[in-house]
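Novice: A single structure is presented below for examination.
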Amino acid sequence: MGVEAQATAAAAYTSSSNDRQVRVSVRLRPQPAESYIHMQTEDTLLQHPSVLAACGDLLLVQMFVCDDAATDTDLSYNQNMFVYKTNPACLWLRCLPNPDTFPGFAQAFGLVPTDEGFVVASFLTFKTPGFNRETGEVSKLLRCSSATERWDLSSPTMPYDGDALRPHLWETDKVFSPPDGTIYWVDYYRGLLASQVTTGDNPPQLCFIRLPGIKVWTTPIDFCKGSRTVGVCKDIVKFVDIDNGLFGRKKSGFTVKVWTLRMLELKWDQVSTLRGDDLWALSNLQSASLPRCVPQFPMVSTHDVHALNFILLEGDYAEEWIRCGNCTIVALILEWLLDR
């Protein structure tokens, strides 16, 4: 959840759009363990609440509540969005105004802290009538801050480069944000769109950063979500790519590569390479009862700059974590990564 681990639960209160009390509490645990959020309300919900974004000790939570003004024959639901500060020393919960926009924005929200509180923003691209391969795409950025308490919808200029970023290809796979006011929207087949959403620019500017060492695809595919990730730890942006032969699933022959982003130049540096045969040859893994399969779903640690997490999947159900870092079963992987 992007928050330093705490073993205690904390609760905060506010009101929903129906003026009913909403209570939120959270139990945070260190990665790769799961953290839990619990919401209580007397409102009638359309579905379970969901966490849309996290940054530092802030969470963005969404739920849909039945409109009290609706009739039994004409039920309608209102979108309620909350920002929850989990720090026990300064705990609060705020309900945002209803953005009343296309629901697709909910899949691409980011959240950053500010001196006054926070900014939340989401980014989407749309096809316009009569579009073609080179024109007819509109970008929209939806933004709300605790300072203004209102939503602004703008149309930032897409920074097309004629190669990796061209019209009608962008698909947001992930959103993350360091606490510096920048939100990154990630397309695993192209790169990153970054925006400093805390500035007064309207519309905010977008910057495109191509991912290194990847093939740019121009047709819809869906094999990278389990083999790539981009994340941030202590202001270091990392890109992790597991090359397993594209559509193949190998027990050996795969390679894990890690890049870090130089923020001033916006250039990537490859900092480590780990080959599958070298991984399983480590003395403390040879006798470990782990499935010998390709690591998947890499995760950048939020609090240890030397750590990466993976899932090992054998069959359809077995799941175990490999942690590249300081733990008992793979303690040597960290040193291997740092030395090469």
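By order of appearance in the structure tokens: chains A, B, ..., then residues from 1 within every chain, and ligands from 1 in the order shown.
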Given only C-alpha atoms, how would the per-residue table for range 125-197 of chain A near range 259-280 of chain A read, listing every residue at most 12 Å away with its closest atom pair and distance in Å to one decimal, sorted by chain and number, as CSV?
Specialist:
```
residue,atom,partner,partner_atom,distance
A:Asp180,CA,A:Met263,CA,11.8
A:Thr182,CA,A:Met263,CA,11.5
A:Gly191,CA,A:Trp268,CA,11.5
A:Leu192,CA,A:Leu266,CA,10.7
A:Leu193,CA,A:Leu266,CA,11.8
A:Ala194,CA,A:Leu266,CA,10.7
```
Novice: So that I can see what lies close to range 288-301 of chain A, please list as a list in words the residues with an atom at most 6 Å from it, counting only C-alpha atoms and leaving out residues fewer than 2 positions away in the same chain.
Specialist: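 Contacts, with the query itself left out: Gly226, Ser227, Gly231, Lys250, Lys251, Leu285, Gln286, His303, Asp304, Ala307, Leu308, Asn309, Phe310, Ile311 and Leu312 of chain A.
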Novice: Which one of A:Ile242, A:Val232, A:Met158, A:Val112 sits closest to Gln196 in chain A if you count only C-alpha atoms?
Specialist: A:Val112
Novice: Given the choices A:Glu34, A:Asp19, A:Asp100, A:Glu171, which gets closest to Asp68 in chain A if the distance is worked out from only C-alpha atoms?
Specialist: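 For Asp68 in chain A, the nearest of the candidates is A:Asp19.
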Novice: Tell me which protein, DNA and RNA residues are within 9 Å of Gly181 in chain A, counting only C-alpha atoms, leaving out same-chain ones fewer than 4 positions away, and put them as a list in words.
Specialist: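 The contact residues come out as Leu111, Val112, Pro113, Thr114, Val119, Ser177, Ser195, Gln196, Val197, Thr198 and Thr199 of chain A.
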Novice: I'd like to know which residues of range 163-286 of chain A are alpha helix (DSSP H) (by DSSP, run on the backbone); could you write them as a PyMOL selection string?
Specialist: chain A and resi 276-281+283-286
Novice: Hey, what does DSSP flag as strand (DSSP E or B) within range 106-294 of chain A? Can you give it to me as a ChimeraX atom specification?
Specialist: /A:109-113,118-127,137-145,151-154,174-176,182-187,191-196,207-210,228-233,236-243,255-262,267-275
Novice: For each of A:Ala69, A:Leu91, A:Leu313, A:Val186, take the minimum atom-to-atom distance to Cys224 in chain A, counting only C-alpha atoms, then give the residue where this is smallest.
Specialist: A:Val186
